[in-house]
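Structure first, then comments.
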Amino acid sequence: MEAREDREAREARRAFLAGRLAAVRERIADAARAAGRDHTEITLITVTKTWPAEDVRLLAGLGVRDVGENQDQQASAKAAACAGLAPALSWHFIGQLQSNKAPSVARYADMVHSVDRASLVSALGKAAERAGRAERELRCLIQVSLDGTAGRGGAHPDEVLRLAALIAGRPGLTVAGVMAVAPPQEPADEAFARLRPVRERLLGEHPGAVVMSAGMSGDLEAAIAAGATHVRVGSAILGHRPPAPLPH
């Protein structure tokens with residue numbers, strides 16, 4: 001039987017998440033209205049990295065259907081722990097992905113947001129075939145570098161069409177769109193404005209690649225104004241974790 005303290009803590013956490021989730025949904029609706037868009041066009045991906053599977057279950061009870069993770073070890077464990085939820089969750093892998101993790105990610109992810117090189121396309125293609133994803137293709141977003149900074153991930157805008165052709169040529173994969181992170185040293189609206197023409201060129205050759213994943217807790221309004229269809233929000237919903245204690 002659940003202890004009273006545990007039950008109270010769970011209800012307090014649920015109330016906290018409900019309030020924060022409602023506030024983010026209101027921000028999305030306000031931003032969509034300001035941009036002359038319908039807020040139902042915009043998918044909220046709740047990023048639960050570092051938080052436990054219990055939070056995912058609480059969020060699912062509050063209507064969340066799209067969950068984002070940036071580390072395979074955490075993501076695979078949470079996907080397994082939440083596999084029995086109905087309706088089923090959609091899992092988004094949003095972090096930089098090493099090719100050797102592709103077989104694991106292909107087993108649970110519905111969408112990978114960080115495809116930025118040919119070797120990763122090859123690894124995901126092989127993994128998707130082994131996972132039998134001919135009927136439920138792994139949706140791939142091409143991560144676009146908006147500033148060319150090494151180490152942050154992302155393909156040069158001129159490489160996007162080449163990567164898209166590679167993805168389209170692999171059974172089990174499909175080109176779903178583009179993703180980008182706004183560089184911290186410039187206004188987000190200026191950065192996301194550079195993503196729009198990249199997306200338009202991609203749509204010219206792959207009309208089904210309609211997803212534009214952009215915007216996080218601090219800049220979702222700028223992303224929606226620029227045309228984002230998916231926003232990735234973590235701390236604005238789940239809060240900030242305290243820093244880990246330093247080793248003695």
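Following the order of the structure tokens, first chain is A, next is B, and so on, with residues numbered from 1 inside each chain and ligands from 1 in the order they appear.
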Who sits within 10 Å of His156 (chain A), only C-alpha atoms, same chain under 3 positions skipped, as a ChimeraX atom specification: /A:116-117,143-148,153,159-160
Which residues are close to region 62-77 of chain A, i.e. within 10 Å by only C-alpha atoms, leaving aside same-chain residues fewer than 4 positions away? Reply as an mmCIF file with all heavy atoms, in the first residue's frame.
```
data_model
loop_
_atom_site.group_PDB
_atom_site.id
_atom_site.type_symbol
_atom_site.label_atom_id
_atom_site.label_comp_id
_atom_site.auth_asym_id
_atom_site.auth_seq_id
_atom_site.Cartn_x
_atom_site.Cartn_y
_atom_site.Cartn_z
ATOM 1 N N ARG A 14 2.311 16.149 -9.009
ATOM 2 C CA ARG A 14 1.334 16.218 -10.085
ATOM 3 C C ARG A 14 0.762 17.623 -10.198
ATOM 4 O O ARG A 14 0.610 18.155 -11.316
ATOM 5 C CB ARG A 14 0.206 15.213 -9.852
ATOM 6 C CG ARG A 14 -0.803 15.150 -10.995
ATOM 7 C CD ARG A 14 -1.955 14.199 -10.687
ATOM 8 N NE ARG A 14 -2.845 14.062 -11.833
ATOM 9 C CZ ARG A 14 -3.764 14.959 -12.191
ATOM 10 N NH1 ARG A 14 -3.927 16.086 -11.483
ATOM 11 N NH2 ARG A 14 -4.527 14.742 -13.253
ATOM 12 N N ALA A 15 0.438 18.249 -9.074
ATOM 13 C CA ALA A 15 -0.109 19.597 -9.094
ATOM 14 C C ALA A 15 0.907 20.593 -9.644
ATOM 15 O O ALA A 15 0.561 21.503 -10.411
ATOM 16 C CB ALA A 15 -0.546 20.009 -7.690
ATOM 17 N N LEU A 17 3.374 19.915 -11.794
ATOM 18 C CA LEU A 17 3.482 19.689 -13.235
ATOM 19 C C LEU A 17 2.259 20.222 -13.972
ATOM 20 O O LEU A 17 2.387 20.805 -15.055
ATOM 21 C CB LEU A 17 3.658 18.203 -13.524
ATOM 22 C CG LEU A 17 4.971 17.566 -13.051
ATOM 23 C CD1 LEU A 17 4.927 16.056 -13.267
ATOM 24 C CD2 LEU A 17 6.163 18.172 -13.762
ATOM 25 N N ALA A 18 1.088 20.039 -13.394
ATOM 26 C CA ALA A 18 -0.138 20.502 -14.047
ATOM 27 C C ALA A 18 -0.123 22.009 -14.229
ATOM 28 O O ALA A 18 -0.489 22.528 -15.299
ATOM 29 C CB ALA A 18 -1.357 20.078 -13.232
ATOM 30 N N LEU A 21 2.600 22.933 -16.851
ATOM 31 C CA LEU A 21 2.178 22.500 -18.179
ATOM 32 C C LEU A 21 1.110 23.443 -18.734
ATOM 33 O O LEU A 21 1.152 23.840 -19.906
ATOM 34 C CB LEU A 21 1.661 21.071 -18.113
ATOM 35 C CG LEU A 21 1.223 20.412 -19.415
ATOM 36 C CD1 LEU A 21 2.387 20.310 -20.397
ATOM 37 C CD2 LEU A 21 0.670 19.002 -19.122
ATOM 38 N N ALA A 22 0.162 23.817 -17.899
ATOM 39 C CA ALA A 22 -0.891 24.738 -18.331
ATOM 40 C C ALA A 22 -0.298 26.077 -18.749
ATOM 41 O O ALA A 22 -0.730 26.682 -19.742
ATOM 42 C CB ALA A 22 -1.912 24.927 -17.209
ATOM 43 N N THR A 43 3.002 21.064 -31.924
ATOM 44 C CA THR A 43 3.131 19.931 -31.013
ATOM 45 C C THR A 43 4.116 20.274 -29.901
ATOM 46 O O THR A 43 5.248 20.688 -30.176
ATOM 47 C CB THR A 43 3.638 18.682 -31.759
ATOM 48 O OG1 THR A 43 2.679 18.320 -32.754
ATOM 49 C CG2 THR A 43 3.851 17.513 -30.810
ATOM 50 N N LEU A 44 3.673 20.110 -28.676
ATOM 51 C CA LEU A 44 4.548 20.300 -27.517
ATOM 52 C C LEU A 44 5.227 18.986 -27.185
ATOM 53 O O LEU A 44 4.569 17.987 -26.898
ATOM 54 C CB LEU A 44 3.730 20.779 -26.316
ATOM 55 C CG LEU A 44 4.458 20.783 -24.962
ATOM 56 C CD1 LEU A 44 5.668 21.709 -24.990
ATOM 57 C CD2 LEU A 44 3.487 21.171 -23.849
ATOM 58 N N ILE A 45 6.552 18.983 -27.248
ATOM 59 C CA ILE A 45 7.344 17.834 -26.811
ATOM 60 C C ILE A 45 7.869 18.147 -25.416
ATOM 61 O O ILE A 45 8.629 19.108 -25.236
ATOM 62 C CB ILE A 45 8.515 17.559 -27.774
ATOM 63 C CG1 ILE A 45 8.005 17.296 -29.184
ATOM 64 C CG2 ILE A 45 9.352 16.389 -27.276
ATOM 65 C CD1 ILE A 45 9.108 17.282 -30.228
ATOM 66 N N THR A 46 7.445 17.383 -24.434
ATOM 67 C CA THR A 46 7.900 17.605 -23.065
ATOM 68 C C THR A 46 9.190 16.838 -22.846
ATOM 69 O O THR A 46 9.217 15.608 -22.956
ATOM 70 C CB THR A 46 6.822 17.154 -22.058
ATOM 71 O OG1 THR A 46 5.595 17.827 -22.355
ATOM 72 C CG2 THR A 46 7.248 17.492 -20.641
ATOM 73 N N VAL A 47 10.249 17.564 -22.555
ATOM 74 C CA VAL A 47 11.583 16.973 -22.442
ATOM 75 C C VAL A 47 11.823 16.567 -20.993
ATOM 76 O O VAL A 47 11.931 17.414 -20.107
ATOM 77 C CB VAL A 47 12.661 17.955 -22.927
ATOM 78 C CG1 VAL A 47 14.043 17.325 -22.821
ATOM 79 C CG2 VAL A 47 12.378 18.376 -24.367
ATOM 80 N N THR A 48 11.927 15.262 -20.770
ATOM 81 C CA THR A 48 11.990 14.734 -19.403
ATOM 82 C C THR A 48 13.381 14.257 -19.010
ATOM 83 O O THR A 48 13.527 13.490 -18.058
ATOM 84 C CB THR A 48 10.985 13.580 -19.235
ATOM 85 O OG1 THR A 48 11.274 12.552 -20.186
ATOM 86 C CG2 THR A 48 9.565 14.060 -19.428
ATOM 87 N N LYS A 49 14.412 14.693 -19.731
ATOM 88 C CA LYS A 49 15.774 14.245 -19.419
ATOM 89 C C LYS A 49 16.103 14.527 -17.956
ATOM 90 O O LYS A 49 15.749 15.580 -17.420
ATOM 91 C CB LYS A 49 16.788 14.936 -20.331
ATOM 92 C CG LYS A 49 16.816 16.446 -20.207
ATOM 93 C CD LYS A 49 17.819 17.038 -21.189
ATOM 94 C CE LYS A 49 17.913 18.549 -21.023
ATOM 95 N NZ LYS A 49 18.873 19.148 -21.967
ATOM 96 N N THR A 50 16.753 13.560 -17.345
ATOM 97 C CA THR A 50 17.174 13.537 -15.927
ATOM 98 C C THR A 50 16.029 13.301 -14.952
ATOM 99 O O THR A 50 16.280 13.034 -13.781
ATOM 100 C CB THR A 50 17.936 14.808 -15.497
ATOM 101 O OG1 THR A 50 17.029 15.892 -15.287
ATOM 102 C CG2 THR A 50 19.031 15.180 -16.481
ATOM 103 N N TRP A 51 14.793 13.387 -15.401
ATOM 104 C CA TRP A 51 13.662 13.175 -14.499
ATOM 105 C C TRP A 51 13.175 11.721 -14.608
ATOM 106 O O TRP A 51 13.330 11.090 -15.646
ATOM 107 C CB TRP A 51 12.524 14.145 -14.829
ATOM 108 C CG TRP A 51 12.917 15.569 -14.564
ATOM 109 C CD1 TRP A 51 13.384 16.467 -15.474
ATOM 110 C CD2 TRP A 51 12.916 16.241 -13.312
ATOM 111 N NE1 TRP A 51 13.666 17.658 -14.868
ATOM 112 C CE2 TRP A 51 13.393 17.558 -13.537
ATOM 113 C CE3 TRP A 51 12.562 15.868 -12.003
ATOM 114 C CZ2 TRP A 51 13.516 18.502 -12.518
ATOM 115 C CZ3 TRP A 51 12.680 16.810 -10.990
ATOM 116 C CH2 TRP A 51 13.152 18.098 -11.241
ATOM 117 N N PRO A 52 12.560 11.176 -13.560
ATOM 118 C CA PRO A 52 12.211 9.751 -13.535
ATOM 119 C C PRO A 52 11.003 9.390 -14.382
ATOM 120 O O PRO A 52 10.207 10.252 -14.781
ATOM 121 C CB PRO A 52 11.933 9.502 -12.049
ATOM 122 C CG PRO A 52 11.448 10.818 -11.533
ATOM 123 C CD PRO A 52 12.254 11.852 -12.276
ATOM 124 N N ALA A 53 10.864 8.093 -14.613
ATOM 125 C CA ALA A 53 9.715 7.595 -15.375
ATOM 126 C C ALA A 53 8.406 7.941 -14.691
ATOM 127 O O ALA A 53 7.377 8.114 -15.363
ATOM 128 C CB ALA A 53 9.838 6.082 -15.562
ATOM 129 N N VAL A 56 7.057 10.966 -16.127
ATOM 130 C CA VAL A 56 6.474 10.714 -17.451
ATOM 131 C C VAL A 56 5.050 10.198 -17.290
ATOM 132 O O VAL A 56 4.129 10.624 -18.010
ATOM 133 C CB VAL A 56 7.324 9.717 -18.252
ATOM 134 C CG1 VAL A 56 6.684 9.437 -19.612
ATOM 135 C CG2 VAL A 56 8.749 10.238 -18.442
ATOM 136 N N ARG A 57 4.851 9.283 -16.337
ATOM 137 C CA ARG A 57 3.498 8.753 -16.115
ATOM 138 C C ARG A 57 2.545 9.847 -15.630
ATOM 139 O O ARG A 57 1.379 9.909 -16.058
ATOM 140 C CB ARG A 57 3.557 7.599 -15.120
ATOM 141 C CG ARG A 57 4.144 6.322 -15.712
ATOM 142 C CD ARG A 57 3.988 5.148 -14.782
ATOM 143 N NE ARG A 57 4.959 5.180 -13.690
ATOM 144 C CZ ARG A 57 6.138 4.583 -13.717
ATOM 145 N NH1 ARG A 57 6.508 3.900 -14.790
ATOM 146 N NH2 ARG A 57 6.961 4.655 -12.691
ATOM 147 N N LEU A 58 3.017 10.727 -14.749
ATOM 148 C CA LEU A 58 2.180 11.828 -14.286
ATOM 149 C C LEU A 58 1.820 12.754 -15.445
ATOM 150 O O LEU A 58 0.669 13.176 -15.583
ATOM 151 C CB LEU A 58 2.896 12.617 -13.189
ATOM 152 C CG LEU A 58 3.062 11.917 -11.838
ATOM 153 C CD1 LEU A 58 3.951 12.751 -10.922
ATOM 154 C CD2 LEU A 58 1.702 11.667 -11.180
ATOM 155 N N ALA A 81 9.619 1.376 -19.267
ATOM 156 C CA ALA A 81 8.823 1.511 -18.046
ATOM 157 C C ALA A 81 7.423 2.048 -18.328
ATOM 158 O O ALA A 81 6.495 1.797 -17.558
ATOM 159 C CB ALA A 81 9.543 2.432 -17.061
ATOM 160 N N CYS A 82 7.270 2.792 -19.420
ATOM 161 C CA CYS A 82 5.985 3.416 -19.736
ATOM 162 C C CYS A 82 5.284 2.749 -20.916
ATOM 163 O O CYS A 82 4.321 3.298 -21.466
ATOM 164 C CB CYS A 82 6.198 4.899 -20.038
ATOM 165 S SG CYS A 82 6.891 5.845 -18.669
ATOM 166 N N ALA A 83 5.752 1.571 -21.281
ATOM 167 C CA ALA A 83 5.222 0.905 -22.481
ATOM 168 C C ALA A 83 3.741 0.554 -22.366
ATOM 169 O O ALA A 83 3.047 0.442 -23.365
ATOM 170 C CB ALA A 83 6.038 -0.350 -22.774
ATOM 171 N N ALA A 86 -1.723 3.927 -22.040
ATOM 172 C CA ALA A 86 -2.663 4.074 -23.151
ATOM 173 C C ALA A 86 -3.350 5.436 -23.028
ATOM 174 O O ALA A 86 -3.827 5.780 -21.945
ATOM 175 C CB ALA A 86 -3.698 2.944 -23.123
ATOM 176 N N PRO A 87 -3.420 6.203 -24.104
ATOM 177 C CA PRO A 87 -2.788 5.909 -25.392
ATOM 178 C C PRO A 87 -1.274 5.929 -25.294
ATOM 179 O O PRO A 87 -0.712 6.540 -24.396
ATOM 180 C CB PRO A 87 -3.302 7.032 -26.307
ATOM 181 C CG PRO A 87 -3.640 8.144 -25.371
ATOM 182 C CD PRO A 87 -4.111 7.515 -24.115
ATOM 183 N N ALA A 88 -0.626 5.266 -26.230
ATOM 184 C CA ALA A 88 0.829 5.142 -26.201
ATOM 185 C C ALA A 88 1.488 6.501 -26.412
ATOM 186 O O ALA A 88 0.947 7.382 -27.083
ATOM 187 C CB ALA A 88 1.281 4.170 -27.287
ATOM 188 N N LEU A 89 2.662 6.644 -25.807
ATOM 189 C CA LEU A 89 3.435 7.865 -25.967
ATOM 190 C C LEU A 89 4.251 7.818 -27.262
ATOM 191 O O LEU A 89 4.597 6.743 -27.751
ATOM 192 C CB LEU A 89 4.377 8.047 -24.783
ATOM 193 C CG LEU A 89 3.727 8.195 -23.412
ATOM 194 C CD1 LEU A 89 4.796 8.206 -22.318
ATOM 195 C CD2 LEU A 89 2.886 9.460 -23.349
ATOM 196 N N SER A 90 4.571 8.999 -27.780
ATOM 197 C CA SER A 90 5.515 9.119 -28.884
ATOM 198 C C SER A 90 6.840 9.596 -28.304
ATOM 199 O O SER A 90 6.880 10.615 -27.603
ATOM 200 C CB SER A 90 5.018 10.131 -29.930
ATOM 201 O OG SER A 90 3.905 9.634 -30.626
ATOM 202 N N TRP A 91 7.912 8.871 -28.589
ATOM 203 C CA TRP A 91 9.227 9.173 -28.030
ATOM 204 C C TRP A 91 10.087 9.869 -29.076
ATOM 205 O O TRP A 91 10.237 9.386 -30.197
ATOM 206 C CB TRP A 91 9.899 7.893 -27.545
ATOM 207 C CG TRP A 91 9.201 7.321 -26.349
ATOM 208 C CD1 TRP A 91 8.172 6.424 -26.365
ATOM 209 C CD2 TRP A 91 9.438 7.639 -24.983
ATOM 210 N NE1 TRP A 91 7.759 6.160 -25.075
ATOM 211 C CE2 TRP A 91 8.515 6.894 -24.210
ATOM 212 C CE3 TRP A 91 10.341 8.478 -24.333
ATOM 213 C CZ2 TRP A 91 8.480 6.971 -22.811
ATOM 214 C CZ3 TRP A 91 10.303 8.550 -22.937
ATOM 215 C CH2 TRP A 91 9.387 7.803 -22.193
ATOM 216 N N HIS A 92 10.646 11.007 -28.674
ATOM 217 C CA HIS A 92 11.483 11.826 -29.546
ATOM 218 C C HIS A 92 12.901 11.817 -29.005
ATOM 219 O O HIS A 92 13.129 12.221 -27.850
ATOM 220 C CB HIS A 92 10.972 13.265 -29.589
ATOM 221 C CG HIS A 92 9.587 13.413 -30.134
ATOM 222 N ND1 HIS A 92 9.332 13.932 -31.383
ATOM 223 C CD2 HIS A 92 8.371 13.101 -29.600
ATOM 224 C CE1 HIS A 92 8.024 13.950 -31.594
ATOM 225 N NE2 HIS A 92 7.420 13.441 -30.520
ATOM 226 N N PHE A 93 13.857 11.370 -29.813
ATOM 227 C CA PHE A 93 15.258 11.455 -29.408
ATOM 228 C C PHE A 93 15.797 12.777 -29.922
ATOM 229 O O PHE A 93 15.853 13.013 -31.131
ATOM 230 C CB PHE A 93 16.082 10.288 -29.953
ATOM 231 C CG PHE A 93 17.446 10.236 -29.324
ATOM 232 C CD1 PHE A 93 17.642 9.547 -28.141
ATOM 233 C CD2 PHE A 93 18.511 10.920 -29.886
ATOM 234 C CE1 PHE A 93 18.893 9.539 -27.523
ATOM 235 C CE2 PHE A 93 19.754 10.925 -29.287
ATOM 236 C CZ PHE A 93 19.949 10.232 -28.097
ATOM 237 N N ILE A 94 16.201 13.673 -29.002
ATOM 238 C CA ILE A 94 16.530 15.038 -29.387
ATOM 239 C C ILE A 94 18.003 15.382 -29.216
ATOM 240 O O ILE A 94 18.433 16.461 -29.639
ATOM 241 C CB ILE A 94 15.677 16.051 -28.594
ATOM 242 C CG1 ILE A 94 15.984 15.942 -27.082
ATOM 243 C CG2 ILE A 94 14.189 15.832 -28.852
ATOM 244 C CD1 ILE A 94 15.306 17.010 -26.254
ATOM 245 N N GLY A 95 18.788 14.502 -28.607
ATOM 246 C CA GLY A 95 20.186 14.814 -28.362
ATOM 247 C C GLY A 95 21.100 14.364 -29.479
ATOM 248 O O GLY A 95 20.686 13.669 -30.409
ATOM 249 N N GLN A 96 22.366 14.776 -29.381
ATOM 250 C CA GLN A 96 23.354 14.284 -30.340
ATOM 251 C C GLN A 96 23.471 12.771 -30.182
ATOM 252 O O GLN A 96 23.552 12.248 -29.081
ATOM 253 C CB GLN A 96 24.698 14.956 -30.108
ATOM 254 C CG GLN A 96 24.714 16.423 -30.535
ATOM 255 C CD GLN A 96 26.099 17.032 -30.411
ATOM 256 O OE1 GLN A 96 26.442 17.608 -29.391
ATOM 257 N NE2 GLN A 96 26.893 16.895 -31.457
ATOM 258 N N LEU A 97 23.457 12.077 -31.299
ATOM 259 C CA LEU A 97 23.368 10.622 -31.290
ATOM 260 C C LEU A 97 24.626 9.989 -31.875
ATOM 261 O O LEU A 97 25.015 10.296 -33.004
ATOM 262 C CB LEU A 97 22.141 10.177 -32.092
ATOM 263 C CG LEU A 97 21.878 8.671 -32.209
ATOM 264 C CD1 LEU A 97 21.712 8.037 -30.836
ATOM 265 C CD2 LEU A 97 20.639 8.421 -33.069
ATOM 266 N N GLN A 98 25.237 9.119 -31.092
ATOM 267 C CA GLN A 98 26.365 8.346 -31.586
ATOM 268 C C GLN A 98 25.834 7.181 -32.419
ATOM 269 O O GLN A 98 24.809 6.586 -32.099
ATOM 270 C CB GLN A 98 27.198 7.817 -30.421
ATOM 271 C CG GLN A 98 27.848 8.904 -29.578
ATOM 272 C CD GLN A 98 28.579 8.325 -28.372
ATOM 273 O OE1 GLN A 98 28.181 7.310 -27.829
ATOM 274 N NE2 GLN A 98 29.652 8.992 -27.986
ATOM 275 N N LYS A 101 24.657 3.902 -30.916
ATOM 276 C CA LYS A 101 23.404 3.882 -30.167
ATOM 277 C C LYS A 101 22.195 3.738 -31.088
ATOM 278 O O LYS A 101 21.064 3.599 -30.614
ATOM 279 C CB LYS A 101 23.261 5.161 -29.338
ATOM 280 C CG LYS A 101 24.339 5.356 -28.278
ATOM 281 C CD LYS A 101 24.248 4.307 -27.193
ATOM 282 C CE LYS A 101 25.243 4.588 -26.080
ATOM 283 N NZ LYS A 101 25.195 3.547 -25.022
ATOM 284 N N ALA A 102 22.431 3.779 -32.393
ATOM 285 C CA ALA A 102 21.316 3.714 -33.352
ATOM 286 C C ALA A 102 20.451 2.465 -33.184
ATOM 287 O O ALA A 102 19.218 2.557 -33.250
ATOM 288 C CB ALA A 102 21.838 3.822 -34.782
ATOM 289 N N SER A 104 19.647 0.768 -30.559
ATOM 290 C CA SER A 104 18.746 0.927 -29.415
ATOM 291 C C SER A 104 17.669 1.957 -29.714
ATOM 292 O O SER A 104 16.477 1.712 -29.495
ATOM 293 C CB SER A 104 19.546 1.346 -28.169
ATOM 294 O OG SER A 104 18.682 1.593 -27.084
ATOM 295 N N VAL A 105 18.063 3.110 -30.236
ATOM 296 C CA VAL A 105 17.101 4.181 -30.512
ATOM 297 C C VAL A 105 16.046 3.738 -31.518
ATOM 298 O O VAL A 105 14.865 4.075 -31.391
ATOM 299 C CB VAL A 105 17.850 5.437 -31.007
ATOM 300 C CG1 VAL A 105 16.871 6.492 -31.524
ATOM 301 C CG2 VAL A 105 18.698 6.023 -29.882
ATOM 302 N N ARG A 107 14.635 1.034 -31.771
ATOM 303 C CA ARG A 107 13.630 0.128 -31.185
ATOM 304 C C ARG A 107 12.483 0.871 -30.528
ATOM 305 O O ARG A 107 11.376 0.320 -30.430
ATOM 306 C CB ARG A 107 14.306 -0.813 -30.182
ATOM 307 C CG ARG A 107 15.130 -1.911 -30.827
ATOM 308 C CD ARG A 107 15.498 -2.995 -29.835
ATOM 309 N NE ARG A 107 16.494 -2.568 -28.875
ATOM 310 C CZ ARG A 107 17.811 -2.688 -29.036
ATOM 311 N NH1 ARG A 107 18.288 -3.226 -30.145
ATOM 312 N NH2 ARG A 107 18.657 -2.271 -28.111
ATOM 313 N N TYR A 108 12.716 2.093 -30.021
ATOM 314 C CA TYR A 108 11.642 2.772 -29.281
ATOM 315 C C TYR A 108 11.269 4.147 -29.835
ATOM 316 O O TYR A 108 10.156 4.623 -29.605
ATOM 317 C CB TYR A 108 12.012 2.921 -27.792
ATOM 318 C CG TYR A 108 13.234 3.767 -27.550
ATOM 319 C CD1 TYR A 108 13.169 5.160 -27.536
ATOM 320 C CD2 TYR A 108 14.482 3.176 -27.351
ATOM 321 C CE1 TYR A 108 14.299 5.927 -27.334
ATOM 322 C CE2 TYR A 108 15.617 3.934 -27.144
ATOM 323 C CZ TYR A 108 15.516 5.311 -27.137
ATOM 324 O OH TYR A 108 16.646 6.062 -26.944
ATOM 325 N N ALA A 109 12.176 4.822 -30.520
ATOM 326 C CA ALA A 109 11.905 6.205 -30.927
ATOM 327 C C ALA A 109 10.925 6.268 -32.096
ATOM 328 O O ALA A 109 10.955 5.424 -32.998
ATOM 329 C CB ALA A 109 13.201 6.917 -31.298
ATOM 330 N N ASP A 110 10.088 7.264 -32.067
ATOM 331 C CA ASP A 110 9.210 7.559 -33.201
ATOM 332 C C ASP A 110 9.852 8.599 -34.117
ATOM 333 O O ASP A 110 9.595 8.604 -35.313
ATOM 334 C CB ASP A 110 7.858 8.078 -32.703
ATOM 335 C CG ASP A 110 7.109 7.026 -31.919
ATOM 336 O OD1 ASP A 110 6.534 6.119 -32.547
ATOM 337 O OD2 ASP A 110 7.115 7.084 -30.672
ATOM 338 N N MET A 111 10.676 9.470 -33.524
ATOM 339 C CA MET A 111 11.319 10.516 -34.303
ATOM 340 C C MET A 111 12.694 10.809 -33.714
ATOM 341 O O MET A 111 12.845 10.897 -32.489
ATOM 342 C CB MET A 111 10.451 11.793 -34.305
ATOM 343 C CG MET A 111 10.962 12.907 -35.215
ATOM 344 S SD MET A 111 9.908 14.390 -35.152
ATOM 345 C CE MET A 111 8.410 13.801 -35.963
ATOM 346 N N VAL A 112 13.685 10.932 -34.590
ATOM 347 C CA VAL A 112 15.032 11.343 -34.200
ATOM 348 C C VAL A 112 15.248 12.746 -34.744
ATOM 349 O O VAL A 112 15.155 12.970 -35.949
ATOM 350 C CB VAL A 112 16.109 10.375 -34.743
ATOM 351 C CG1 VAL A 112 17.507 10.886 -34.405
ATOM 352 C CG2 VAL A 112 15.908 8.980 -34.172
ATOM 353 N N HIS A 113 15.552 13.698 -33.851
ATOM 354 C CA HIS A 113 15.648 15.110 -34.230
ATOM 355 C C HIS A 113 17.052 15.534 -34.628
ATOM 356 O O HIS A 113 17.225 16.688 -35.035
ATOM 357 C CB HIS A 113 15.194 15.992 -33.056
ATOM 358 C CG HIS A 113 13.737 15.934 -32.759
ATOM 359 N ND1 HIS A 113 12.935 17.052 -32.673
ATOM 360 C CD2 HIS A 113 12.904 14.881 -32.510
ATOM 361 C CE1 HIS A 113 11.698 16.701 -32.388
ATOM 362 N NE2 HIS A 113 11.648 15.378 -32.279
ATOM 363 N N SER A 114 18.038 14.684 -34.489
ATOM 364 C CA SER A 114 19.427 15.136 -34.548
ATOM 365 C C SER A 114 20.257 14.441 -35.620
ATOM 366 O O SER A 114 21.438 14.177 -35.419
ATOM 367 C CB SER A 114 20.078 14.933 -33.178
ATOM 368 O OG SER A 114 19.841 13.601 -32.708
ATOM 369 N N HIS A 230 6.928 22.021 -33.971
ATOM 370 C CA HIS A 230 7.211 21.278 -32.741
ATOM 371 C C HIS A 230 8.137 22.120 -31.862
ATOM 372 O O HIS A 230 9.139 22.651 -32.373
ATOM 373 C CB HIS A 230 7.903 19.945 -33.043
ATOM 374 C CG HIS A 230 7.027 18.926 -33.728
ATOM 375 N ND1 HIS A 230 6.437 19.163 -34.958
ATOM 376 C CD2 HIS A 230 6.656 17.670 -33.351
ATOM 377 C CE1 HIS A 230 5.725 18.089 -35.302
ATOM 378 N NE2 HIS A 230 5.840 17.182 -34.357
ATOM 379 N N ARG A 232 10.306 22.038 -28.050
ATOM 380 C CA ARG A 232 10.870 21.086 -27.100
ATOM 381 C C ARG A 232 11.071 21.793 -25.761
ATOM 382 O O ARG A 232 11.962 22.632 -25.623
ATOM 383 C CB ARG A 232 12.204 20.561 -27.628
ATOM 384 C CG ARG A 232 12.160 20.108 -29.083
ATOM 385 C CD ARG A 232 13.521 19.694 -29.615
ATOM 386 N NE ARG A 232 14.538 20.714 -29.497
ATOM 387 C CZ ARG A 232 14.776 21.650 -30.402
ATOM 388 N NH1 ARG A 232 14.043 21.708 -31.516
ATOM 389 N NH2 ARG A 232 15.738 22.540 -30.219
ATOM 390 N N VAL A 233 10.236 21.472 -24.788
ATOM 391 C CA VAL A 233 10.224 22.229 -23.534
ATOM 392 C C VAL A 233 10.483 21.298 -22.356
ATOM 393 O O VAL A 233 9.769 20.313 -22.173
ATOM 394 C CB VAL A 233 8.881 22.969 -23.350
ATOM 395 C CG1 VAL A 233 8.880 23.752 -22.043
ATOM 396 C CG2 VAL A 233 8.620 23.897 -24.531
ATOM 397 N N GLY A 234 11.495 21.627 -21.568
ATOM 398 C CA GLY A 234 11.832 20.826 -20.403
ATOM 399 C C GLY A 234 11.660 21.577 -19.105
ATOM 400 O O GLY A 234 10.688 21.402 -18.383
#
```
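The coordinates place CA of Ala128 (chain A) at 21.5 Å from CA of Gly154 (chain A).
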Selection: 10 Å around Gly208 (chain A), only C-alpha atoms, excl. self and same-chain fewer than 4 positions, as a count of residues only: 7
Near-region 24-34 of chain A list (10 Å; only C-alpha atoms; drop same-chain fewer than 4 positions) as a PyMOL selection string: chain A and resi 19-20+38-44+217+220-225+227-228+231+233+236-237
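Computed from the coordinates, the CA of Ala9 (chain A) to CA of Gly218 (chain A) distance equals 28.0 Å.
The space between CA of Arg170 (chain A) and CA of Gly125 (chain A) spans 5.6 Å.
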DSSP-assigned strand (DSSP E) members of region 8-238 of chain A, reported as a ChimeraX atom specification: /A:43-47,66-69,90-93,111-115,138-143,173-179,211-213,230-233
